[in-house]
$ cat query15.cif   # mmCIF, C-alpha atoms and all ligand atoms
data_upload
#
loop_
_atom_site.label_atom_id
_atom_site.label_comp_id
_atom_site.auth_asym_id
_atom_site.auth_seq_id
_atom_site.Cartn_x
_atom_site.Cartn_y
_atom_site.Cartn_z
CA MET A 1 0.00 0.00 0.00
CA LYS A 2 1.31 3.41 -0.94
CA PHE A 3 1.28 6.46 1.35
CA SER A 4 2.28 9.95 0.22
CA VAL A 5 2.70 12.82 2.64
CA ILE A 6 2.59 16.37 1.33
CA THR A 7 4.49 18.37 3.94
CA LEU A 8 6.83 21.32 4.44
CA PHE A 9 8.69 19.15 7.00
CA PRO A 10 9.39 15.85 5.19
CA ARG A 11 12.14 14.86 7.63
CA ILE A 12 9.60 14.47 10.46
CA VAL A 13 7.74 11.79 8.51
CA GLU A 14 10.84 10.17 6.98
CA ALA A 15 12.50 9.77 10.39
CA PHE A 16 9.33 8.23 11.78
CA ALA A 17 8.97 5.69 8.97
CA ALA A 18 12.68 4.75 9.07
CA GLU A 19 12.30 2.81 12.33
CA GLY A 20 10.71 -0.39 13.60
CA LEU A 21 7.95 -2.33 11.93
CA LEU A 22 7.24 0.40 9.36
CA ALA A 23 10.84 0.29 8.13
CA GLN A 24 10.70 -3.51 7.93
CA ALA A 25 7.40 -3.38 6.04
CA ARG A 26 8.93 -0.96 3.53
CA GLU A 27 11.98 -3.19 3.05
CA ARG A 28 9.69 -6.13 2.41
CA GLY A 29 7.63 -4.16 -0.12
CA LEU A 30 4.43 -4.32 1.93
CA LEU A 31 4.16 -0.56 2.01
CA ALA A 32 5.67 2.40 0.20
CA LEU A 33 6.05 5.89 1.59
CA GLU A 34 7.01 9.09 -0.23
CA THR A 35 7.07 12.68 0.93
CA VAL A 36 6.33 15.61 -1.35
CA ASN A 37 7.38 19.12 -0.33
CA PRO A 38 5.05 21.79 -1.71
CA ARG A 39 7.98 24.23 -1.54
CA GLN A 40 9.35 22.46 -4.65
CA PHE A 41 6.33 23.75 -6.55
CA THR A 42 6.68 27.46 -5.84
CA GLU A 43 7.72 29.83 -8.63
CA ASP A 44 8.98 32.91 -6.76
CA VAL A 45 12.52 33.44 -5.41
CA HIS A 46 11.31 33.26 -1.81
CA GLN A 47 9.58 29.91 -2.45
CA THR A 48 6.43 31.23 -0.79
CA VAL A 49 3.99 28.57 0.39
CA ASP A 50 1.84 30.71 2.70
CA ASP A 51 0.24 34.14 2.89
CA ARG A 52 -1.83 36.36 5.19
CA THR A 53 -5.51 35.51 5.71
CA PHE A 54 -8.26 37.60 4.17
CA GLY A 55 -10.39 38.97 6.99
CA GLY A 56 -7.42 39.81 9.13
CA GLY A 57 -7.16 36.70 11.28
CA ASP A 58 -3.94 35.78 13.09
CA GLY A 59 -1.25 33.81 11.31
CA MET A 60 -0.48 32.61 7.81
CA VAL A 61 -2.46 30.25 5.61
CA MET A 62 -1.04 27.75 3.09
CA LYS A 63 -1.64 28.77 -0.52
CA VAL A 64 -3.64 26.66 -2.99
CA GLU A 65 -1.25 26.51 -5.95
CA PRO A 66 1.83 24.76 -4.48
CA LEU A 67 -0.43 22.15 -2.84
CA ALA A 68 -2.41 21.63 -6.04
CA ARG A 69 0.85 21.04 -7.96
CA ALA A 70 1.99 18.57 -5.30
CA VAL A 71 -1.31 16.67 -5.68
CA ALA A 72 -0.79 16.57 -9.45
CA THR A 73 2.32 14.38 -8.89
CA LEU A 74 0.27 11.64 -7.18
CA GLU A 75 -0.62 8.32 -8.76
CA PRO A 76 -4.14 8.56 -10.31
CA GLY A 77 -6.82 7.19 -7.94
CA THR A 78 -4.99 8.31 -4.80
CA ARG A 79 -7.30 9.25 -1.90
CA VAL A 80 -6.40 12.82 -0.91
CA VAL A 81 -6.83 13.51 2.82
CA VAL A 82 -6.43 16.92 4.43
CA LEU A 83 -5.35 16.69 8.06
CA SER A 84 -6.84 19.31 10.34
CA PRO A 85 -8.54 19.61 13.74
CA GLN A 86 -11.76 20.40 11.79
CA GLY A 87 -11.87 16.92 10.22
CA ARG A 88 -13.87 13.80 11.07
CA LEU A 89 -12.42 11.88 13.98
CA TRP A 90 -10.06 9.01 12.94
CA GLN A 91 -11.32 5.55 13.97
CA GLN A 92 -9.91 2.03 14.14
CA SER A 93 -12.78 0.76 11.94
CA GLU A 94 -11.63 3.10 9.17
CA ALA A 95 -8.01 2.01 9.55
CA ALA A 96 -9.19 -1.57 8.98
CA ALA A 97 -11.25 -0.56 5.91
CA TRP A 98 -8.31 1.29 4.32
CA ALA A 99 -5.88 -1.57 4.97
CA LYS A 100 -8.33 -3.98 3.34
CA GLU A 101 -9.00 -1.75 0.32
CA GLY A 102 -5.32 -0.92 -0.23
CA ARG A 103 -6.06 2.27 -2.20
CA PRO A 104 -3.10 4.72 -2.22
CA VAL A 105 -3.51 7.60 0.24
CA ALA A 106 -1.96 11.06 0.31
CA PHE A 107 -2.03 13.18 3.46
CA VAL A 108 -1.87 16.94 3.11
CA CYS A 109 -0.31 18.42 6.23
CA GLY A 110 -1.37 21.95 7.14
CA ARG A 111 1.02 24.19 9.06
CA TYR A 112 0.61 27.70 10.45
CA ALA A 113 -3.07 28.70 10.71
CA GLY A 114 -4.13 26.04 8.19
CA ILE A 115 -4.81 25.65 4.47
CA ASP A 116 -6.77 27.93 2.09
CA HIS A 117 -10.14 26.18 2.19
CA ARG A 118 -10.47 26.24 -1.59
CA PHE A 119 -7.72 23.58 -1.76
CA THR A 120 -9.76 21.33 0.52
CA VAL A 121 -12.98 21.94 -1.43
CA LYS A 122 -11.43 21.17 -4.79
CA TYR A 123 -8.79 18.50 -4.12
CA ALA A 124 -9.61 16.66 -0.87
CA ASP A 125 -11.64 13.44 -0.70
CA ASP A 126 -11.63 13.62 3.07
CA GLU A 127 -10.70 15.84 6.03
CA ILE A 128 -9.55 13.97 9.14
CA SER A 129 -8.56 14.85 12.73
CA ILE A 130 -6.89 12.53 15.24
CA GLY A 131 -8.51 14.06 18.33
CA ASP A 132 -9.88 17.12 20.04
CA TYR A 133 -6.64 19.01 20.62
CA VAL A 134 -4.54 21.24 18.39
CA LEU A 135 -1.15 20.28 16.91
CA ASN A 136 1.25 22.62 15.11
CA GLY A 137 0.72 20.71 11.89
CA GLY A 138 -0.62 17.51 10.35
CA GLU A 139 2.69 15.60 10.31
CA VAL A 140 2.22 13.81 13.64
CA ALA A 141 -1.37 13.00 12.66
CA ALA A 142 -0.17 11.57 9.31
CA CYS A 143 2.34 9.37 11.18
CA ALA A 144 -0.36 8.16 13.59
CA ILE A 145 -2.80 7.32 10.79
CA ILE A 146 -0.14 5.61 8.65
CA GLU A 147 0.93 3.46 11.58
CA SER A 148 -2.66 2.53 12.46
CA VAL A 149 -3.34 1.41 8.87
CA ALA A 150 0.04 -0.19 8.15
CA ARG A 151 -0.10 -2.56 11.11
CA LEU A 152 -3.36 -4.01 9.71
CA ILE A 153 -1.83 -4.80 6.30
CA PRO A 154 -1.36 -8.58 6.18
CA GLY A 155 2.26 -9.50 6.90
CA VAL A 156 3.27 -6.22 8.58
CA LEU A 157 2.87 -7.60 12.11
CA GLY A 158 4.76 -10.78 12.92
CA ASN A 159 1.85 -12.22 14.82
CA ALA A 160 -1.52 -12.02 13.01
CA VAL A 161 -3.42 -12.58 16.26
CA SER A 162 -2.09 -9.46 17.93
CA ALA A 163 -3.88 -6.94 15.68
CA ALA A 164 -7.26 -8.62 16.10
CA ARG A 165 -6.93 -8.68 19.90
CA ASP A 166 -5.95 -5.04 20.31
CA SER A 167 -8.08 -2.40 21.96
CA PHE A 168 -10.97 -1.13 19.81
CA SER A 169 -10.97 -4.09 17.37
CA GLU A 170 -13.23 -5.64 20.00
CA ARG A 171 -14.40 -2.18 21.11
CA LEU A 172 -13.14 -2.62 24.68
CA LEU A 173 -9.94 -1.58 26.44
CA GLU A 174 -7.48 -4.48 26.61
CA CYS A 175 -6.73 -6.43 29.75
CA PRO A 176 -3.31 -5.38 31.15
CA GLN A 177 -0.41 -7.82 30.58
CA PHE A 178 2.19 -9.04 33.08
CA THR A 179 5.50 -10.88 33.00
CA ARG A 180 7.86 -12.32 35.65
CA PRO A 181 8.27 -12.07 38.57
CA ARG A 182 4.84 -13.03 39.92
CA GLU A 183 5.24 -10.64 42.86
CA VAL A 184 6.79 -7.18 42.66
CA GLU A 185 6.51 -4.22 45.03
CA GLY A 186 3.33 -5.48 46.69
CA MET A 187 1.59 -6.25 43.39
CA SER A 188 0.71 -9.81 42.36
CA VAL A 189 -0.03 -11.20 38.91
CA PRO A 190 -3.73 -12.15 39.18
CA ALA A 191 -4.06 -15.88 39.91
CA PRO A 192 -6.49 -16.62 37.03
CA LEU A 193 -3.70 -15.70 34.57
CA LEU A 194 -1.41 -18.31 36.18
CA SER A 195 -4.02 -21.08 36.05
CA GLY A 196 -3.07 -22.40 32.60
CA HIS A 197 -6.80 -22.90 32.05
CA HIS A 198 -7.68 -21.21 28.74
CA ALA A 199 -11.41 -20.74 29.28
CA LYS A 200 -10.75 -19.32 32.75
CA ILE A 201 -8.02 -16.95 31.45
CA ASN A 202 -10.38 -15.77 28.72
CA GLU A 203 -13.25 -15.15 31.10
CA PHE A 204 -10.91 -13.25 33.43
CA GLU A 205 -9.37 -11.10 30.67
CA ASN A 206 -12.79 -10.27 29.24
CA SER A 207 -14.07 -9.32 32.70
CA VAL A 208 -11.10 -7.02 33.37
CA ALA A 209 -11.52 -5.48 29.91
CA LEU A 210 -15.20 -4.79 30.60
CA VAL A 211 -14.53 -3.31 34.06
CA ARG A 212 -11.65 -1.10 32.86
CA THR A 213 -13.74 0.10 29.90
CA ALA A 214 -16.67 0.93 32.19
CA LEU A 215 -14.36 2.93 34.47
CA PHE A 216 -12.06 4.67 32.00
CA ARG A 217 -13.94 4.78 28.66
CA PRO A 218 -17.67 4.40 29.41
CA ASP A 219 -18.33 6.02 26.02
CA LEU A 220 -17.15 2.78 24.34
CA LEU A 221 -19.58 0.55 26.24
CA SER A 222 -22.87 -0.54 24.67
CA ALA A 223 -26.08 -0.29 26.71
CA GLU A 224 -26.45 -4.10 26.61
CA ALA A 225 -23.02 -4.77 28.15
CA GLU A 226 -23.44 -7.16 31.13
CA LEU A 227 -21.25 -5.52 33.73
CA GLN A 228 -22.21 -7.27 36.99
CA PRO A 229 -20.78 -10.75 36.21
CA ALA A 230 -17.49 -9.03 35.26
CA VAL A 231 -17.46 -6.96 38.47
CA LYS A 232 -17.95 -10.21 40.42
CA VAL A 233 -15.01 -11.96 38.68
CA VAL A 234 -12.67 -9.00 39.33
CA GLY A 235 -14.01 -8.56 42.89
CA ALA A 236 -12.88 -12.11 43.71
CA LEU A 237 -9.21 -11.02 43.44
CA ASN A 238 -7.18 -10.25 46.56
CA ASP A 239 -5.89 -6.72 47.27
CA ASN A 240 -2.41 -7.32 45.80
CA GLU A 241 -3.90 -8.66 42.56
CA LEU A 242 -6.33 -5.75 42.33
CA TYR A 243 -3.44 -3.34 42.95
CA ALA A 244 -1.52 -4.91 40.02
CA LEU A 245 -4.51 -4.10 37.76
CA GLY A 246 -4.51 -0.49 38.97
CA LEU A 247 -7.99 -1.00 40.44
CA THR A 248 -9.48 -0.48 43.91
CA ARG A 249 -12.51 -1.90 45.75
CA GLU A 250 -14.02 1.60 45.52
CA ASP A 251 -13.76 1.45 41.70
CA LEU A 252 -15.73 -1.80 41.74
CA LYS A 253 -18.32 -0.40 44.17
CA GLU A 254 -18.91 2.48 41.75
CA LEU A 255 -19.94 0.00 39.06
CA GLN A 256 -22.46 -1.88 41.24
CL1 LIG B 301 -4.99 16.22 11.76
N1 LIG B 301 -3.92 18.50 12.59
C1 LIG B 301 -3.67 19.42 13.54
N2 LIG B 301 -2.96 20.50 13.22
N3 LIG B 301 -4.09 19.31 14.79
C2 LIG B 301 -4.79 18.22 15.08
C3 LIG B 301 -5.09 17.22 14.16
C4 LIG B 301 -4.64 17.40 12.89
N4 LIG B 301 -5.80 16.27 14.76
C5 LIG B 301 -5.94 16.67 16.02
N5 LIG B 301 -5.33 17.84 16.21
#
$ encode --input "query15.cif" --output "structure tokens"
Amino acid sequence: MKFSVITLFPRIVEAFAAEGLLAQARERGLLALETVNPRQFTEDVHQTVDDRTFGGGDGMVMKVEPLARAVATLEPGTRVVVLSPQGRLWQQSEAAAWAKEGRPVAFVCGRYAGIDHRFTVKYADDEISIGDYVLNGGEVAACAIIESVARLIPGVLGNAVSAARDSFSERLLECPQFTRPREVEGMSVPAPLLSGHHAKINEFENSVALVRTALFRPDLLSAEAELQPAVKVVGALNDNELYALGLTREDLKELQ
């Protein structure tokens, strides 16, 4: 799958994609990444990519023409996505759909006070945000979206099971994980995880996932979610096991 990033700061994105699983995926030909700098497509000696806003607002706005010329270099059929805090909120379900479809994507990264809206109207298929906070530009958002899609492309992750089990694929927060030793600083690995009994481990992990989601991300929980059996399973732990999960008896009481 091919990703293009149209950005005034290509080194941010190139450094990001030169490490870890993304770098490996590129070496193996599972994904391609290019950056395009709109400054290459300016025609004046100052290589101007931005200008003052009409209406007298603060800050500079990115001009249409250099961005339009950058878009003209893309492979035909590329999905053009403007990144801005005004966009639709990025979601795991969409990451999965893009990875499945495999259509090339180009991200247009705004800087300064944003992009002349006529570029978005004419050239963008989509406008996306990664959350309700403001970044200095779209580069970090492009990196986040690329990583969320790339890890769902078959072969990018070593272990195919791990993507399916992650948070949000099942629409719940994941159960925390532990390794040796069993006891550390007054916290104990919960006994059900040591039982070696798969059905029991599953029931326990699902219960913890449900309880943690109810406490920390109630917005993700459906109205039909059966919370009380999960609260009972987690409530059966001793204090040191509960501590290891970052939970208290008071947390559980709140859910009853
Ligand atoms: Cl996509 N861009 C900027 N500048 N800020 C953001 C964002 C994008 N998503 C959340 N905040």
$ residues_near_ligand --input "query15.cif" --ligand "ligand LIG 301 (chain B)" --cutoff "7 Å" --atoms "only C-alpha atoms and all ligand atoms" --output "number ranges by chain"
A: 83-85, 110-111, 128-138, 141
$ residues_around --input "query15.cif" --residues "Val231 (chain A)" --least-positions-apart "5" --cutoff "9 Å" --atoms "all atoms listed in the file" --output "list in words"
Ser207, Val208, Leu210, Val211, Ala236, Leu252, Lys253, Leu255 and Gln256 of chain A
$ atom_distance --input "query15.cif" --atom1 "CA of Arg151 (chain A)" --atom2 "CA of Gly246 (chain A)"
28.3 Å
$ closest_residue --input "query15.cif" --among "A:Leu215, A:Val233, A:Ala96, A:Cys109" --to "Val81 (chain A)" --atoms "only C-alpha atoms"
A:Cys109
$ closest_residue --input "query15.cif" --among "A:Arg28, A:His198, A:His117, A:Arg212" --to "Gln86 (chain A)" --atoms "all atoms listed in the file"
A:His117
$ atom_distance --input "query15.cif" --atom1 "CA of Thr120 (chain A)" --atom2 "CA of Arg26 (chain A)"
29.2 Å
$ atom_distance --input "query15.cif" --atom1 "CA of Arg39 (chain A)" --atom2 "CA of Ser148 (chain A)"
27.9 Å
$ residues_around --input "query15.cif" --residues "Ile6 (chain A)" --least-positions-apart "2" --cutoff "12 Å" --atoms "only C-alpha atoms" --output "JSON, numbers by chain"
{"A": [3, 4, 8, 9, 10, 11, 12, 13, 14, 33, 34, 35, 36, 37, 38, 39, 40, 41, 66, 67, 68, 69, 70, 71, 72, 73, 74, 80, 81, 82, 83, 105, 106, 107, 108, 109, 110, 111, 137, 138, 139, 142]}
$ write_last_selection --input "query15.cif" --atoms "C-alpha atoms" --output "short mmCIF file (atom, residue, chain, number, x, y, z; two decimals), in the frame of the given file"
data_model
loop_
_atom_site.label_atom_id
_atom_site.label_comp_id
_atom_site.auth_asym_id
_atom_site.auth_seq_id
_atom_site.Cartn_x
_atom_site.Cartn_y
_atom_site.Cartn_z
CA PHE A 3 1.28 6.46 1.35
CA SER A 4 2.28 9.95 0.22
CA LEU A 8 6.83 21.32 4.44
CA PHE A 9 8.69 19.15 7.00
CA PRO A 10 9.39 15.85 5.19
CA ARG A 11 12.14 14.86 7.63
CA ILE A 12 9.60 14.47 10.46
CA VAL A 13 7.74 11.79 8.51
CA GLU A 14 10.84 10.17 6.98
CA LEU A 33 6.05 5.89 1.59
CA GLU A 34 7.01 9.09 -0.23
CA THR A 35 7.07 12.68 0.93
CA VAL A 36 6.33 15.61 -1.35
CA ASN A 37 7.38 19.12 -0.33
CA PRO A 38 5.05 21.79 -1.71
CA ARG A 39 7.98 24.23 -1.54
CA GLN A 40 9.35 22.46 -4.65
CA PHE A 41 6.33 23.75 -6.55
CA PRO A 66 1.83 24.76 -4.48
CA LEU A 67 -0.43 22.15 -2.84
CA ALA A 68 -2.41 21.63 -6.04
CA ARG A 69 0.85 21.04 -7.96
CA ALA A 70 1.99 18.57 -5.30
CA VAL A 71 -1.31 16.67 -5.68
CA ALA A 72 -0.79 16.57 -9.45
CA THR A 73 2.32 14.38 -8.89
CA LEU A 74 0.27 11.64 -7.18
CA VAL A 80 -6.40 12.82 -0.91
CA VAL A 81 -6.83 13.51 2.82
CA VAL A 82 -6.43 16.92 4.43
CA LEU A 83 -5.35 16.69 8.06
CA VAL A 105 -3.51 7.60 0.24
CA ALA A 106 -1.96 11.06 0.31
CA PHE A 107 -2.03 13.18 3.46
CA VAL A 108 -1.87 16.94 3.11
CA CYS A 109 -0.31 18.42 6.23
CA GLY A 110 -1.37 21.95 7.14
CA ARG A 111 1.02 24.19 9.06
CA GLY A 137 0.72 20.71 11.89
CA GLY A 138 -0.62 17.51 10.35
CA GLU A 139 2.69 15.60 10.31
CA ALA A 142 -0.17 11.57 9.31
#
$ residues_around --input "query15.cif" --residues "Glu185 (chain A)" --least-positions-apart "5" --cutoff "12 Å" --atoms "all atoms listed in the file" --output "list in words"
Asn240, Glu241, Tyr243 and Ala244 of chain A
$ closest_residue --input "query15.cif" --among "A:Val5, A:Ala15, A:Ala113, A:Ala225" --to "Asp51 (chain A)" --atoms "all atoms listed in the file"
A:Ala113
$ decode --input "query15.cif" --residues "region 156-230 of chain A" --atoms "C-alpha atoms" --output "mmCIF file, in the first residue's frame"
data_model
loop_
_atom_site.group_PDB
_atom_site.id
_atom_site.type_symbol
_atom_site.label_atom_id
_atom_site.label_comp_id
_atom_site.auth_asym_id
_atom_site.auth_seq_id
_atom_site.Cartn_x
_atom_site.Cartn_y
_atom_site.Cartn_z
ATOM 1 C CA VAL A 156 3.271 -6.224 8.578
ATOM 2 C CA LEU A 157 2.875 -7.596 12.108
ATOM 3 C CA GLY A 158 4.756 -10.783 12.923
ATOM 4 C CA ASN A 159 1.847 -12.223 14.821
ATOM 5 C CA ALA A 160 -1.517 -12.019 13.008
ATOM 6 C CA VAL A 161 -3.424 -12.579 16.260
ATOM 7 C CA SER A 162 -2.088 -9.457 17.931
ATOM 8 C CA ALA A 163 -3.880 -6.943 15.679
ATOM 9 C CA ALA A 164 -7.259 -8.620 16.097
ATOM 10 C CA ARG A 165 -6.927 -8.680 19.899
ATOM 11 C CA ASP A 166 -5.950 -5.036 20.306
ATOM 12 C CA SER A 167 -8.083 -2.398 21.962
ATOM 13 C CA PHE A 168 -10.975 -1.133 19.815
ATOM 14 C CA SER A 169 -10.970 -4.088 17.367
ATOM 15 C CA GLU A 170 -13.225 -5.639 19.999
ATOM 16 C CA ARG A 171 -14.399 -2.180 21.105
ATOM 17 C CA LEU A 172 -13.144 -2.623 24.685
ATOM 18 C CA LEU A 173 -9.939 -1.584 26.439
ATOM 19 C CA GLU A 174 -7.482 -4.477 26.606
ATOM 20 C CA CYS A 175 -6.731 -6.433 29.750
ATOM 21 C CA PRO A 176 -3.307 -5.379 31.145
ATOM 22 C CA GLN A 177 -0.413 -7.819 30.581
ATOM 23 C CA PHE A 178 2.194 -9.039 33.076
ATOM 24 C CA THR A 179 5.501 -10.882 33.002
ATOM 25 C CA ARG A 180 7.863 -12.323 35.645
ATOM 26 C CA PRO A 181 8.268 -12.074 38.573
ATOM 27 C CA ARG A 182 4.835 -13.025 39.919
ATOM 28 C CA GLU A 183 5.240 -10.640 42.856
ATOM 29 C CA VAL A 184 6.792 -7.183 42.662
ATOM 30 C CA GLU A 185 6.507 -4.218 45.033
ATOM 31 C CA GLY A 186 3.335 -5.475 46.685
ATOM 32 C CA MET A 187 1.586 -6.251 43.389
ATOM 33 C CA SER A 188 0.715 -9.808 42.365
ATOM 34 C CA VAL A 189 -0.025 -11.200 38.911
ATOM 35 C CA PRO A 190 -3.734 -12.146 39.179
ATOM 36 C CA ALA A 191 -4.059 -15.878 39.914
ATOM 37 C CA PRO A 192 -6.491 -16.621 37.031
ATOM 38 C CA LEU A 193 -3.699 -15.698 34.568
ATOM 39 C CA LEU A 194 -1.408 -18.307 36.178
ATOM 40 C CA SER A 195 -4.023 -21.077 36.050
ATOM 41 C CA GLY A 196 -3.069 -22.396 32.602
ATOM 42 C CA HIS A 197 -6.805 -22.904 32.055
ATOM 43 C CA HIS A 198 -7.676 -21.209 28.743
ATOM 44 C CA ALA A 199 -11.413 -20.743 29.278
ATOM 45 C CA LYS A 200 -10.749 -19.318 32.747
ATOM 46 C CA ILE A 201 -8.024 -16.953 31.454
ATOM 47 C CA ASN A 202 -10.375 -15.768 28.718
ATOM 48 C CA GLU A 203 -13.246 -15.155 31.102
ATOM 49 C CA PHE A 204 -10.911 -13.253 33.431
ATOM 50 C CA GLU A 205 -9.374 -11.098 30.670
ATOM 51 C CA ASN A 206 -12.795 -10.269 29.245
ATOM 52 C CA SER A 207 -14.074 -9.324 32.699
ATOM 53 C CA VAL A 208 -11.103 -7.021 33.369
ATOM 54 C CA ALA A 209 -11.523 -5.483 29.909
ATOM 55 C CA LEU A 210 -15.199 -4.787 30.601
ATOM 56 C CA VAL A 211 -14.527 -3.307 34.064
ATOM 57 C CA ARG A 212 -11.655 -1.096 32.863
ATOM 58 C CA THR A 213 -13.737 0.097 29.903
ATOM 59 C CA ALA A 214 -16.674 0.929 32.191
ATOM 60 C CA LEU A 215 -14.356 2.930 34.470
ATOM 61 C CA PHE A 216 -12.055 4.671 31.999
ATOM 62 C CA ARG A 217 -13.945 4.776 28.659
ATOM 63 C CA PRO A 218 -17.669 4.396 29.412
ATOM 64 C CA ASP A 219 -18.334 6.022 26.019
ATOM 65 C CA LEU A 220 -17.155 2.782 24.342
ATOM 66 C CA LEU A 221 -19.581 0.551 26.242
ATOM 67 C CA SER A 222 -22.874 -0.540 24.669
ATOM 68 C CA ALA A 223 -26.081 -0.294 26.709
ATOM 69 C CA GLU A 224 -26.455 -4.105 26.608
ATOM 70 C CA ALA A 225 -23.021 -4.774 28.154
ATOM 71 C CA GLU A 226 -23.444 -7.156 31.128
ATOM 72 C CA LEU A 227 -21.254 -5.520 33.733
ATOM 73 C CA GLN A 228 -22.207 -7.275 36.994
ATOM 74 C CA PRO A 229 -20.782 -10.754 36.211
ATOM 75 C CA ALA A 230 -17.490 -9.034 35.258
#
